[in-house]
file my_file-v4.txt (compact mmCIF, C-alpha atoms and all ligand atoms)
# COMPACT_ATOMS: atom_id res chain seq x y z
CA MET A 3 0.00 0.00 0.00
CA ASN A 4 1.32 3.40 -0.89
CA VAL A 5 -0.10 6.04 1.40
CA GLY A 6 1.07 9.66 1.48
CA LYS A 7 2.28 11.26 4.70
CA PHE A 8 -0.55 12.73 6.76
CA LEU A 9 -0.21 16.49 6.86
CA PRO A 10 -2.80 18.04 9.17
CA PRO A 11 -4.27 21.46 8.34
CA THR A 12 -3.36 24.38 10.59
CA ARG A 13 -6.28 25.09 12.91
CA THR A 14 -6.91 27.54 15.69
CA LEU A 15 -8.36 25.27 18.35
CA LEU A 16 -11.14 27.20 20.13
CA GLY A 17 -13.38 24.26 20.93
CA PRO A 18 -13.85 22.19 24.08
CA GLY A 19 -10.38 20.62 23.67
CA PRO A 20 -7.82 19.83 22.57
CA SER A 21 -6.51 23.36 22.90
CA GLY A 22 -3.59 24.86 21.01
CA VAL A 23 -0.15 23.78 22.12
CA ALA A 24 3.00 25.92 22.48
CA PRO A 25 5.69 25.15 19.86
CA SER A 26 8.10 24.07 22.60
CA VAL A 27 5.63 21.37 23.72
CA LEU A 28 5.51 19.94 20.20
CA GLU A 29 9.31 20.17 20.02
CA ALA A 30 9.57 18.25 23.28
CA MET A 31 7.56 15.41 21.72
CA SER A 32 10.04 15.08 18.87
CA GLN A 33 13.05 14.53 21.17
CA PRO A 34 14.80 11.14 20.92
CA LEU A 35 13.23 8.31 22.90
CA VAL A 36 14.84 6.93 26.03
CA GLY A 37 13.70 3.83 27.90
CA HIS A 38 10.93 4.09 30.46
CA LEU A 39 13.38 3.06 33.22
CA ASP A 40 16.28 5.19 31.96
CA PRO A 41 17.68 7.21 34.90
CA SER A 42 17.14 10.41 32.91
CA PHE A 43 13.48 9.52 32.36
CA ILE A 44 13.03 8.68 36.03
CA SER A 45 14.39 12.03 37.15
CA MET A 46 12.08 13.69 34.61
CA MET A 47 9.15 11.74 36.14
CA ASP A 48 10.12 13.15 39.55
CA GLU A 49 10.04 16.67 38.11
CA ILE A 50 6.62 16.01 36.56
CA LYS A 51 5.28 14.88 39.94
CA ALA A 52 6.75 17.94 41.69
CA MET A 53 5.34 20.29 39.03
CA LEU A 54 1.91 18.61 39.17
CA ARG A 55 1.83 19.12 42.95
CA ALA A 56 2.65 22.79 42.40
CA VAL A 57 -0.08 23.17 39.75
CA MET A 58 -2.68 21.29 41.83
CA LEU A 59 -1.63 23.12 45.03
CA THR A 60 -1.18 19.91 46.96
CA GLU A 61 1.39 18.07 49.03
CA ASN A 62 -0.22 14.70 48.17
CA GLN A 63 2.53 12.13 47.59
CA MET A 64 0.30 10.12 45.24
CA THR A 65 0.26 12.67 42.42
CA PHE A 66 1.21 11.58 38.91
CA PRO A 67 -0.13 11.33 35.34
CA VAL A 68 -2.12 8.19 34.48
CA SER A 69 -1.34 6.92 30.96
CA GLY A 70 -4.56 7.60 29.09
CA THR A 71 -6.91 10.54 28.54
CA GLY A 72 -9.09 12.25 31.14
CA SER A 73 -11.58 9.37 31.14
CA ALA A 74 -8.76 7.03 32.24
CA GLY A 75 -8.14 9.35 35.20
CA MET A 76 -11.88 9.20 35.94
CA GLU A 77 -11.83 5.38 35.89
CA PHE A 78 -8.62 5.39 38.00
CA CYS A 79 -10.31 7.37 40.80
CA PHE A 80 -13.54 5.37 40.76
CA VAL A 81 -12.06 1.90 40.38
CA ASN A 82 -9.57 2.40 43.20
CA LEU A 83 -12.08 3.87 45.65
CA ILE A 84 -15.18 1.78 44.96
CA GLU A 85 -15.81 -1.73 46.18
CA PRO A 86 -18.97 -3.42 44.90
CA GLY A 87 -21.97 -2.36 46.96
CA ASP A 88 -20.45 0.98 48.10
CA GLU A 89 -22.78 3.97 48.16
CA VAL A 90 -21.64 7.05 46.23
CA ILE A 91 -23.25 10.39 45.38
CA VAL A 92 -22.61 11.88 41.93
CA GLY A 93 -23.49 15.44 40.93
CA ILE A 94 -24.87 15.50 37.40
CA ASN A 95 -25.23 18.76 35.47
CA GLY A 96 -23.91 17.70 32.08
CA VAL A 97 -22.15 15.01 30.04
CA PHE A 98 -19.30 14.34 32.44
CA GLY A 99 -21.35 13.91 35.59
CA THR A 100 -23.45 11.46 33.59
CA ARG A 101 -20.25 9.63 32.60
CA MET A 102 -19.06 9.51 36.24
CA ALA A 103 -22.34 7.89 37.32
CA ASP A 104 -21.97 5.31 34.52
CA VAL A 105 -18.38 4.52 35.55
CA ALA A 106 -19.38 4.28 39.23
CA GLU A 107 -22.16 1.80 38.40
CA ARG A 108 -19.76 -0.27 36.29
CA CYS A 109 -17.54 -0.46 39.40
CA GLY A 110 -20.51 -1.91 41.31
CA ALA A 111 -21.44 1.20 43.30
CA LYS A 112 -24.96 2.13 44.37
CA VAL A 113 -25.24 5.60 42.87
CA THR A 114 -27.39 8.43 44.18
CA ARG A 115 -27.72 11.04 41.44
CA VAL A 116 -27.94 14.71 42.42
CA GLU A 117 -29.07 16.47 39.28
CA ALA A 118 -29.16 20.08 38.15
CA GLU A 119 -30.40 21.51 34.88
CA TRP A 120 -27.63 21.53 32.24
CA GLY A 121 -25.93 24.93 32.42
CA ARG A 122 -26.53 25.33 36.16
CA ILE A 123 -24.25 24.37 39.05
CA ILE A 124 -24.70 21.69 41.69
CA GLU A 125 -25.84 23.60 44.79
CA PRO A 126 -24.35 22.79 48.22
CA ALA A 127 -27.90 22.43 49.59
CA GLN A 128 -28.59 19.64 47.08
CA ILE A 129 -25.55 17.72 48.32
CA ALA A 130 -26.55 18.33 51.95
CA ALA A 131 -30.05 17.00 51.21
CA ALA A 132 -28.66 13.85 49.56
CA LEU A 133 -26.29 13.29 52.50
CA GLY A 134 -29.32 13.38 54.76
CA LYS A 135 -30.61 10.27 52.99
CA VAL A 136 -27.52 8.16 52.21
CA LYS A 137 -24.12 7.68 53.80
CA PRO A 138 -21.76 7.43 50.83
CA LYS A 139 -18.08 6.58 50.64
CA PHE A 140 -17.59 9.67 48.48
CA VAL A 141 -19.29 12.49 46.65
CA ALA A 142 -18.16 13.13 43.06
CA ILE A 143 -18.49 16.55 41.43
CA VAL A 144 -17.45 17.92 38.04
CA HIS A 145 -15.70 21.21 38.77
CA ALA A 146 -15.84 22.67 35.24
CA GLU A 147 -18.61 21.04 33.15
CA THR A 148 -17.21 21.31 29.64
CA SER A 149 -20.52 20.35 28.08
CA THR A 150 -22.31 23.38 29.55
CA GLY A 151 -19.71 25.97 30.62
CA ALA A 152 -20.68 25.97 34.33
CA LEU A 153 -18.18 26.10 37.22
CA THR A 154 -19.47 24.51 40.43
CA PRO A 155 -17.85 26.12 43.52
CA ILE A 156 -16.21 23.44 45.66
CA GLU A 157 -15.32 24.92 49.06
CA GLU A 158 -18.77 24.79 50.66
CA ILE A 159 -19.59 21.41 49.14
CA SER A 160 -16.32 20.07 50.53
CA LYS A 161 -17.19 21.17 54.08
CA ILE A 162 -20.60 19.50 53.83
CA VAL A 163 -19.11 16.30 52.40
CA HIS A 164 -16.39 16.02 55.05
CA GLY A 165 -18.89 16.94 57.76
CA ALA A 166 -20.74 13.78 56.72
CA ASP A 167 -17.48 11.81 56.94
CA ALA A 168 -17.36 11.15 53.19
CA LEU A 169 -14.55 11.71 50.69
CA LEU A 170 -14.66 14.29 47.90
CA LEU A 171 -13.81 13.32 44.32
CA LEU A 172 -13.33 16.10 41.76
CA ASP A 173 -13.22 16.14 37.96
CA ALA A 174 -10.79 18.95 37.11
CA VAL A 175 -10.25 18.02 33.46
CA THR A 176 -11.20 21.47 32.18
CA SER A 177 -10.51 23.55 35.29
CA LEU A 178 -6.86 22.72 36.04
CA GLY A 179 -4.55 25.45 34.75
CA GLY A 180 -7.40 27.77 33.71
CA CYS A 181 -8.92 28.79 37.07
CA PRO A 182 -8.15 28.12 40.73
CA VAL A 183 -8.02 24.44 41.74
CA ARG A 184 -6.80 24.18 45.35
CA VAL A 185 -6.61 20.51 46.19
CA ASP A 186 -5.29 20.81 49.76
CA ASP A 187 -7.20 23.96 50.79
CA TRP A 188 -10.44 22.47 49.49
CA GLN A 189 -9.64 19.02 50.95
CA VAL A 190 -10.20 17.25 47.67
CA ASP A 191 -9.46 13.55 48.20
CA ALA A 192 -9.32 12.28 44.64
CA ILE A 193 -8.86 14.44 41.58
CA TYR A 194 -8.22 13.79 37.91
CA SER A 195 -7.53 16.12 35.04
CA GLY A 196 -6.53 15.96 31.38
CA THR A 197 -3.56 17.33 29.52
CA GLN A 198 -5.41 18.70 26.48
CA LYS A 199 -7.37 21.56 28.02
CA CYS A 200 -5.84 24.39 30.08
CA LEU A 201 -2.47 22.64 30.48
CA SER A 202 -2.13 22.89 26.68
CA CYS A 203 -0.46 19.60 26.00
CA PRO A 204 -1.78 17.02 23.50
CA PRO A 205 -4.38 14.53 24.81
CA GLY A 206 -2.95 11.31 26.24
CA LEU A 207 -2.23 11.69 29.95
CA SER A 208 -4.46 12.26 32.96
CA PRO A 209 -2.89 13.94 36.00
CA VAL A 210 -4.35 12.49 39.20
CA SER A 211 -3.85 13.03 42.91
CA LEU A 212 -5.06 11.09 45.96
CA SER A 213 -5.07 12.43 49.53
CA GLU A 214 -3.89 10.35 52.49
CA ARG A 215 -7.57 9.94 53.44
CA ALA A 216 -8.25 8.43 50.02
CA MET A 217 -5.16 6.23 50.28
CA ASP A 218 -6.36 5.00 53.70
CA ALA A 219 -9.72 4.09 52.15
CA ILE A 220 -7.92 2.19 49.40
CA ARG A 221 -5.64 0.41 51.91
CA GLY A 222 -8.76 -0.57 53.85
CA ARG A 223 -10.38 -2.35 50.90
CA THR A 224 -11.48 -5.91 51.50
CA GLN A 225 -11.24 -6.86 47.80
CA GLY A 226 -8.49 -6.16 45.28
CA VAL A 227 -8.91 -3.36 42.73
CA GLN A 228 -10.79 -4.79 39.75
CA SER A 229 -8.60 -3.07 37.11
CA TRP A 230 -5.01 -4.25 36.78
CA TYR A 231 -3.94 -1.31 34.60
CA LEU A 232 -5.36 1.36 36.91
CA ASP A 233 -4.61 -0.21 40.31
CA VAL A 234 -2.81 2.52 42.29
CA ASN A 235 -1.00 -0.09 44.39
CA LEU A 236 0.71 -1.45 41.27
CA LEU A 237 1.20 1.95 39.64
CA ALA A 238 2.92 3.18 42.83
CA ASN A 239 5.79 0.79 42.11
CA TYR A 240 6.49 2.73 38.93
CA TRP A 241 5.39 6.30 39.75
CA GLY A 242 5.95 6.25 43.53
CA GLU A 243 9.07 6.85 45.58
CA GLY A 244 11.95 4.39 45.88
CA ALA A 245 13.10 1.80 43.34
CA ARG A 246 11.08 1.94 40.11
CA VAL A 247 9.65 -1.27 38.75
CA TYR A 248 8.15 -1.88 35.34
CA HIS A 249 4.35 -1.73 35.33
CA HIS A 250 3.49 -0.64 31.79
CA THR A 251 5.59 1.08 29.14
CA ALA A 252 5.03 4.75 29.89
CA PRO A 253 4.16 6.90 26.85
CA ILE A 254 7.61 8.49 26.72
CA SER A 255 6.95 11.37 24.31
CA MET A 256 3.69 12.31 26.02
CA ASN A 257 5.58 12.68 29.28
CA TYR A 258 8.18 14.88 27.57
CA ALA A 259 5.27 17.05 26.39
CA LEU A 260 3.65 17.21 29.82
CA HIS A 261 6.97 18.12 31.41
CA GLU A 262 7.33 21.07 29.05
CA ALA A 263 3.66 22.09 29.35
CA LEU A 264 3.84 22.12 33.16
CA ARG A 265 7.12 24.03 33.01
CA LEU A 266 5.36 26.70 30.94
CA VAL A 267 2.41 26.87 33.36
CA LEU A 268 4.75 27.46 36.30
CA GLU A 269 6.92 29.88 34.35
CA GLU A 270 3.83 31.98 33.66
CA GLY A 271 2.65 31.58 37.27
CA LEU A 272 -0.72 30.17 38.31
CA GLU A 273 -2.23 33.52 39.31
CA ASN A 274 -1.14 35.15 36.04
CA ARG A 275 -2.51 32.25 34.05
CA TRP A 276 -5.89 32.39 35.80
CA ALA A 277 -6.00 36.17 35.28
CA ARG A 278 -5.25 35.73 31.56
CA HIS A 279 -8.14 33.25 31.22
CA GLU A 280 -10.48 35.60 33.07
CA ALA A 281 -9.47 38.63 30.99
CA ASN A 282 -9.95 36.83 27.67
CA HIS A 283 -13.32 35.46 28.76
CA ASN A 284 -14.42 39.00 29.66
CA LEU A 285 -13.18 40.28 26.32
CA LEU A 286 -15.16 37.58 24.48
CA ARG A 287 -18.27 38.22 26.55
CA ALA A 288 -18.12 41.95 25.83
CA GLY A 289 -17.63 41.36 22.09
CA LEU A 290 -20.49 38.86 21.98
CA ALA A 291 -22.76 41.28 23.87
CA GLU A 292 -22.06 43.95 21.22
CA MET A 293 -23.36 41.46 18.66
CA GLY A 294 -26.42 40.71 20.79
CA LEU A 295 -25.11 37.28 21.80
CA GLY A 296 -25.07 35.97 25.36
CA ILE A 297 -23.63 33.07 27.34
CA ALA A 298 -26.14 30.38 28.24
CA SER A 299 -24.67 29.00 31.47
CA GLN A 300 -25.65 30.22 34.92
CA GLU A 301 -24.78 33.89 35.53
CA GLY A 302 -22.00 34.21 38.12
CA HIS A 303 -20.75 30.67 37.48
CA GLN A 304 -19.57 30.87 33.88
CA LEU A 305 -16.30 29.24 33.01
CA TRP A 306 -13.51 31.48 31.74
CA GLN A 307 -12.10 28.70 29.59
CA LEU A 308 -15.30 27.38 27.98
CA ASN A 309 -18.06 29.69 26.78
CA ALA A 310 -21.45 28.23 25.89
CA VAL A 311 -22.66 30.91 23.44
CA SER A 312 -26.41 31.06 22.79
CA ILE A 313 -27.16 30.61 19.10
CA PRO A 314 -29.45 33.29 17.64
CA GLU A 315 -32.88 32.07 16.53
CA GLY A 316 -33.00 30.88 12.92
CA THR A 317 -29.23 30.36 12.59
CA ASP A 318 -27.95 27.20 10.90
CA GLU A 319 -25.52 26.38 13.70
CA ALA A 320 -23.71 23.56 11.86
CA ALA A 321 -23.22 25.75 8.77
CA VAL A 322 -21.66 28.50 10.88
CA ARG A 323 -19.32 26.02 12.58
CA ALA A 324 -18.35 24.55 9.20
CA ALA A 325 -17.63 28.02 7.79
CA LEU A 326 -15.56 28.91 10.84
CA LEU A 327 -13.51 25.76 10.27
CA ASN A 328 -13.23 25.79 6.49
CA ASP A 329 -13.00 29.53 5.78
CA HIS A 330 -11.34 30.79 8.96
CA GLY A 331 -9.46 27.73 10.23
CA ILE A 332 -11.18 28.07 13.62
CA GLU A 333 -12.60 25.08 15.47
CA VAL A 334 -15.43 25.65 17.94
CA GLY A 335 -17.61 22.96 19.49
CA PRO A 336 -21.33 22.17 19.14
CA GLY A 337 -23.74 21.87 22.04
CA LEU A 338 -24.31 18.41 23.52
CA GLY A 339 -27.40 16.67 24.92
CA PRO A 340 -30.18 19.15 25.73
CA LEU A 341 -27.91 22.01 24.56
CA ALA A 342 -27.43 20.52 21.06
CA GLY A 343 -28.41 23.16 18.49
CA LYS A 344 -28.74 25.77 21.25
CA VAL A 345 -25.11 26.76 21.91
CA TRP A 346 -21.68 26.89 20.37
CA ARG A 347 -18.89 26.04 22.76
CA ILE A 348 -16.00 28.46 22.39
CA GLY A 349 -12.95 27.32 24.32
CA LEU A 350 -10.27 29.75 25.43
CA MET A 351 -8.02 27.22 27.08
CA GLY A 352 -4.34 27.47 27.93
CA HIS A 353 -2.26 28.49 24.94
CA SER A 354 -5.48 29.20 22.98
CA SER A 355 -6.62 31.83 25.49
CA SER A 356 -5.29 34.99 23.84
CA LYS A 357 -6.60 38.42 22.89
CA GLU A 358 -5.73 37.67 19.25
CA ASN A 359 -7.86 34.51 19.24
CA VAL A 360 -10.80 36.33 20.87
CA ASN A 361 -10.61 39.07 18.24
CA ARG A 362 -10.32 36.52 15.43
CA VAL A 363 -13.34 34.46 16.47
CA LEU A 364 -15.43 37.60 17.09
CA ALA A 365 -14.53 39.01 13.66
CA ALA A 366 -15.33 35.69 11.97
CA LEU A 367 -18.68 35.38 13.76
CA LYS A 368 -19.55 38.97 12.83
CA GLU A 369 -18.91 38.18 9.19
CA LEU A 370 -20.88 34.91 9.24
CA LEU A 371 -23.90 36.11 11.17
C1 LIG A 401 -15.01 17.70 32.38
C2 LIG A 401 -14.48 16.53 31.61
N1 LIG A 401 -14.32 15.36 32.21
C3 LIG A 401 -13.84 14.28 31.57
C4 LIG A 401 -13.49 14.35 30.24
C5 LIG A 401 -12.98 13.14 29.54
O1 LIG A 401 -11.68 13.35 29.11
P1 LIG A 401 -11.10 12.64 27.78
O2 LIG A 401 -11.96 13.03 26.64
O3 LIG A 401 -9.72 13.21 27.73
O4 LIG A 401 -11.10 11.18 28.04
C6 LIG A 401 -13.63 15.56 29.56
C7 LIG A 401 -13.30 15.68 28.13
O5 LIG A 401 -13.69 16.59 27.44
C8 LIG A 401 -14.14 16.67 30.27
O6 LIG A 401 -14.29 17.85 29.64

call {"tool": "encode", "arguments": {"input": "my_file-v4.txt", "output": "structure tokens", "more": "lines below"}}
Ligand SMILES: Cc1ncc(COP(=O)(O)O)c(C=O)c1O
result
Amino acid sequence: MNVGKFLPPTRTLLGPGPSGVAPSVLEAMSQPLVGHLDPSFISMMDEIKAMLRAVMLTENQMTFPVSGTGSAGMEFCFVNLIEPGDEVIVGINGVFGTRMADVAERCGAKVTRVEAEWGRIIEPAQIAAALGKVKPKFVAIVHAETSTGALTPIEEISKIVHGADALLLLDAVTSLGGCPVRVDDWQVDAIYSGTQKCLSCPPGLSPVSLSERAMDAIRGRTQGVQSWYLDVNLLANYWGEGARVYHHTAPISMNYALHEALRLVLEEGLENRWARHEANHNLLRAGLAEMGLGIASQEGHQLWQLNAVSIPEGTDEAAVRAALLNDHGIEVGPGLGPLAGKVWRIGLMGHSSSKENVNRVLAALKELL
């Protein structure tokens, strides 16, 4: 078979992820391979863990990137914490809460669903009410719901959850690197993220972190972890402290990329990075308002990194998205579930969150509408 080399088009990635990547991250991926137990690779792994702790604002020892995308990090948290028959509470206000409940049930948990309308947050009072009825091992919340653009505040929920002697599990796939995520201050016990959103690294790794409370719960299991690949006890032999033992062949180049992406996050500084995301969101919002367009998610809880833009009545939403892609080289996302056909999802994540990109997408929308 004679197949030509694949040459991707140049796109400006302003959808729900992946986001644009800095040239130095792509360069890092093209560095020569070393073995996954090479001393140089192992010291790079240590730097990745230290940088992840700095980005997640945690001292948790068990902090490392799971090999796999954000959904692998989700499965990692659930499969390690759940034993069949455990009660868990899952907040559902979009696609990813729905996915968490599905994963929890596949792990054998009895799931209590706490639901909010798509676009709205999970309210602390809803969690308190559910905790009045069941005594779960943990409560799982999606911090930044990428399918709707809503940011659920965590601090108050965390106090309620710990007051009921449960653990708190957080999906920070879209939040990490784009807005505050304070693992230790908020007492988050299990957290997973993804590389391809506000960390601006290609998809392929899922940073995770487990608190000592979560590790105690895992040590107290009566049955082994069902998944071999995602069992933290086995992974700790490769990603933990001390002598490193083969578990699986780490995706070498992906880890080079994450190392560089995290280095860039810390070079910029977390506060500066959050401020940049906020400023570009405000710029987009103001430009959209001038065009008579609004953001559909709950006022006061709108994500800076993912904007669910209401589609004007009578607009062919797919045609506009296609024209943005084909004529302007800009990718934005469609609405999902109940928001399909109602919103465009404009991501301003990580490297993609710039004034230039905001002005480009506004100008293109102005022309097309
Ligand atoms: C909030 C959230 N959770 C989980 C995921 C799943 O991550 P992945 O698609 O990398 O498996 C995503 C992906 O968009 C997400 O936005």

call {"tool": "closest_atom_pairs", "arguments": {"input": "my_file-v4.txt", "of": "chain A", "to": "ligand LIG 401 (chain A)", "cutoff": "10 Å", "atoms": "all atoms listed in the file", "output": "tab-separated table"}}
result
residue	atom	partner	partner_atom	distance
A:Pro18	CA	A:LIG401	O5	6.5
A:Gly19	CA	A:LIG401	O5	6.4
A:Pro20	CA	A:LIG401	O5	8.3
A:Gly70	CA	A:LIG401	O4	7.5
A:Thr71	CA	A:LIG401	O3	4.0
A:Gly72	CA	A:LIG401	O1	3.5
A:Ser73	CA	A:LIG401	O4	3.6
A:Ala74	CA	A:LIG401	O4	6.4
A:Gly75	CA	A:LIG401	O4	8.0
A:Met76	CA	A:LIG401	C3	7.0
A:Glu77	CA	A:LIG401	O4	9.8
A:Gly96	CA	A:LIG401	C1	8.9
A:Val97	CA	A:LIG401	C2	8.0
A:Phe98	CA	A:LIG401	N1	5.1
A:Gly99	CA	A:LIG401	N1	7.9
A:Arg101	CA	A:LIG401	C3	8.0
A:Met102	CA	A:LIG401	C3	8.5
A:Ile143	CA	A:LIG401	C1	9.8
A:Val144	CA	A:LIG401	C1	6.2
A:His145	CA	A:LIG401	C1	7.3
A:Ala146	CA	A:LIG401	C1	5.8
A:Glu147	CA	A:LIG401	C1	5.0
A:Thr148	CA	A:LIG401	O6	4.5
A:Ser149	CA	A:LIG401	O6	6.9
A:Thr150	CA	A:LIG401	C1	9.7
A:Gly151	CA	A:LIG401	C1	9.7
A:Leu172	CA	A:LIG401	N1	9.6
A:Asp173	CA	A:LIG401	N1	5.9
A:Ala174	CA	A:LIG401	C1	6.5
A:Val175	CA	A:LIG401	C2	4.9
A:Thr176	CA	A:LIG401	C1	5.4
A:Ser177	CA	A:LIG401	C1	7.9
A:Tyr194	CA	A:LIG401	C3	8.5
A:Ser195	CA	A:LIG401	N1	7.4
A:Gly196	CA	A:LIG401	O3	5.6
A:Thr197	CA	A:LIG401	O3	7.6
A:Gln198	CA	A:LIG401	O3	7.1
A:Lys199	CA	A:LIG401	O6	8.0
A:Pro204	CA	A:LIG401	O3	9.8
A:Pro205	CA	A:LIG401	O3	6.2
A:Gly206	CA	A:LIG401	O3	7.2
A:Leu207	CA	A:LIG401	O3	8.0
A:Ser208	CA	A:LIG401	O3	7.5
A:Leu308	CA	A:LIG401	O6	9.7

call {"tool": "residues_around", "arguments": {"input": "my_file-v4.txt", "residues": "Arg108 of chain A", "least_positions_apart": "6", "cutoff": "12 Å", "atoms": "all atoms listed in the file", "output": "PyMOL selection string"}}
result
chain A and resi 77+80-81+84-88+101-102+228-229

call {"tool": "residues_around", "arguments": {"input": "my_file-v4.txt", "residues": "Ser356 of chain A", "least_positions_apart": "4", "cutoff": "12 Å", "atoms": "all atoms listed in the file", "output": "list in words"}}
result
Thr14, Leu15, Leu16, Ser21, Gly22, Arg275, Ala277, Arg278, His279, Glu280, Ala281, Asn282, His283, Asn284, Leu285, Leu286, Trp306, Gln307, Gly349, Leu350, Met351, Gly352, Val360, Asn361, Arg362 and Val363 of chain A

call {"tool": "write_last_selection", "arguments": {"input": "my_file-v4.txt", "atoms": "C-alpha atoms", "output": "PDB file, in the frame of the given file"}}
result
ATOM      1  CA  THR A  14      -6.910  27.540  15.690  1.00  0.00           C
ATOM      2  CA  LEU A  15      -8.360  25.270  18.350  1.00  0.00           C
ATOM      3  CA  LEU A  16     -11.140  27.200  20.130  1.00  0.00           C
ATOM      4  CA  SER A  21      -6.510  23.360  22.900  1.00  0.00           C
ATOM      5  CA  GLY A  22      -3.590  24.860  21.010  1.00  0.00           C
ATOM      6  CA  ARG A 275      -2.510  32.250  34.050  1.00  0.00           C
ATOM      7  CA  ALA A 277      -6.000  36.170  35.280  1.00  0.00           C
ATOM      8  CA  ARG A 278      -5.250  35.730  31.560  1.00  0.00           C
ATOM      9  CA  HIS A 279      -8.140  33.250  31.220  1.00  0.00           C
ATOM     10  CA  GLU A 280     -10.480  35.600  33.070  1.00  0.00           C
ATOM     11  CA  ALA A 281      -9.470  38.630  30.990  1.00  0.00           C
ATOM     12  CA  ASN A 282      -9.950  36.830  27.670  1.00  0.00           C
ATOM     13  CA  HIS A 283     -13.320  35.460  28.760  1.00  0.00           C
ATOM     14  CA  ASN A 284     -14.420  39.000  29.660  1.00  0.00           C
ATOM     15  CA  LEU A 285     -13.180  40.280  26.320  1.00  0.00           C
ATOM     16  CA  LEU A 286     -15.160  37.580  24.480  1.00  0.00           C
ATOM     17  CA  TRP A 306     -13.510  31.480  31.740  1.00  0.00           C
ATOM     18  CA  GLN A 307     -12.100  28.700  29.590  1.00  0.00           C
ATOM     19  CA  GLY A 349     -12.950  27.320  24.320  1.00  0.00           C
ATOM     20  CA  LEU A 350     -10.270  29.750  25.430  1.00  0.00           C
ATOM     21  CA  MET A 351      -8.020  27.220  27.080  1.00  0.00           C
ATOM     22  CA  GLY A 352      -4.340  27.470  27.930  1.00  0.00           C
ATOM     23  CA  VAL A 360     -10.800  36.330  20.870  1.00  0.00           C
ATOM     24  CA  ASN A 361     -10.610  39.070  18.240  1.00  0.00           C
ATOM     25  CA  ARG A 362     -10.320  36.520  15.430  1.00  0.00           C
ATOM     26  CA  VAL A 363     -13.340  34.460  16.470  1.00  0.00           C
TER      27      VAL A 363
END

call {"tool": "residues_near_point", "arguments": {"input": "my_file-v4.txt", "point": "(-23.8, 8.3, 52.0)", "cutoff": "9 Å", "atoms": "only C-alpha atoms", "output": "PyMOL selection string"}}
result
chain A and resi 88-91+114+132-141+166-168

call {"tool": "atom_distance", "arguments": {"input": "my_file-v4.txt", "atom1": "atom CA of Pro336 of chain A", "atom2": "atom CA of Cys203 of chain A"}}
result
22.1 Å

call {"tool": "atom_distance", "arguments": {"input": "my_file-v4.txt", "atom1": "atom CA of Trp241 of chain A", "atom2": "atom CA of His353 of chain A"}}
result
27.8 Å

call {"tool": "residues_near_point", "arguments": {"input": "my_file-v4.txt", "point": "(-28.5, 17.4, 42.9)", "cutoff": "10 Å", "atoms": "all atoms listed in the file", "output": "PyMOL selection string"}}
result
chain A and resi 91-95+114-119+123-132

call {"tool": "closest_residue", "arguments": {"input": "my_file-v4.txt", "among": "A:Met3, A:Met293, A:Ala238, A:Ile313", "to": "Ala365 of chain A", "atoms": "all atoms listed in the file"}}
result
A:Met293

call {"tool": "atom_distance", "arguments": {"input": "my_file-v4.txt", "atom1": "atom CA of Ser355 of chain A", "atom2": "atom CA of Cys200 of chain A"}}
result
8.8 Å

call {"tool": "residues_around", "arguments": {"input": "my_file-v4.txt", "residues": "segment 210-216 of chain A", "least_positions_apart": "6", "cutoff": "9 Å", "atoms": "all atoms listed in the file", "output": "ChimeraX atom specification"}}
result
/A:54-55,58,60-68,75-76,78-79,83,169-170,185-186,189-196

call {"tool": "residues_around", "arguments": {"input": "my_file-v4.txt", "residues": "Leu367 of chain A", "least_positions_apart": "4", "cutoff": "12 Å", "atoms": "all atoms listed in the file", "output": "MDAnalysis selection string"}}
result
chainID A and resid 286 289:290 292:295 311 313:314 317 319 321:327 329:330 332 334 346 348 360:363 371

call {"tool": "closest_residue", "arguments": {"input": "my_file-v4.txt", "among": "A:Ala320, A:Cys109, A:Leu268, A:Ile50", "to": "Pro209 of chain A", "atoms": "only C-alpha atoms"}}
result
A:Ile50

call {"tool": "closest_residue", "arguments": {"input": "my_file-v4.txt", "among": "A:Lys344, A:Arg246, A:His261, A:Lys357", "to": "Ile44 of chain A", "atoms": "all atoms listed in the file"}}
result
A:Arg246

call {"tool": "decode", "arguments": {"input": "my_file-v4.txt", "residues": "segment 346-360 of chain A", "atoms": "C-alpha atoms", "output": "PDB file, in the first residue's frame"}}
result
ATOM      1  CA  TRP A 346     -21.680  26.894  20.368  1.00  0.00           C
ATOM      2  CA  ARG A 347     -18.889  26.043  22.762  1.00  0.00           C
ATOM      3  CA  ILE A 348     -16.003  28.457  22.388  1.00  0.00           C
ATOM      4  CA  GLY A 349     -12.954  27.317  24.318  1.00  0.00           C
ATOM      5  CA  LEU A 350     -10.271  29.754  25.426  1.00  0.00           C
ATOM      6  CA  MET A 351      -8.016  27.216  27.077  1.00  0.00           C
ATOM      7  CA  GLY A 352      -4.340  27.467  27.934  1.00  0.00           C
ATOM      8  CA  HIS A 353      -2.263  28.493  24.935  1.00  0.00           C
ATOM      9  CA  SER A 354      -5.480  29.201  22.976  1.00  0.00           C
ATOM     10  CA  SER A 355      -6.624  31.831  25.494  1.00  0.00           C
ATOM     11  CA  SER A 356      -5.288  34.995  23.843  1.00  0.00           C
ATOM     12  CA  LYS A 357      -6.597  38.416  22.889  1.00  0.00           C
ATOM     13  CA  GLU A 358      -5.725  37.666  19.247  1.00  0.00           C
ATOM     14  CA  ASN A 359      -7.860  34.515  19.241  1.00  0.00           C
ATOM     15  CA  VAL A 360     -10.795  36.327  20.868  1.00  0.00           C
TER      16      VAL A 360
END
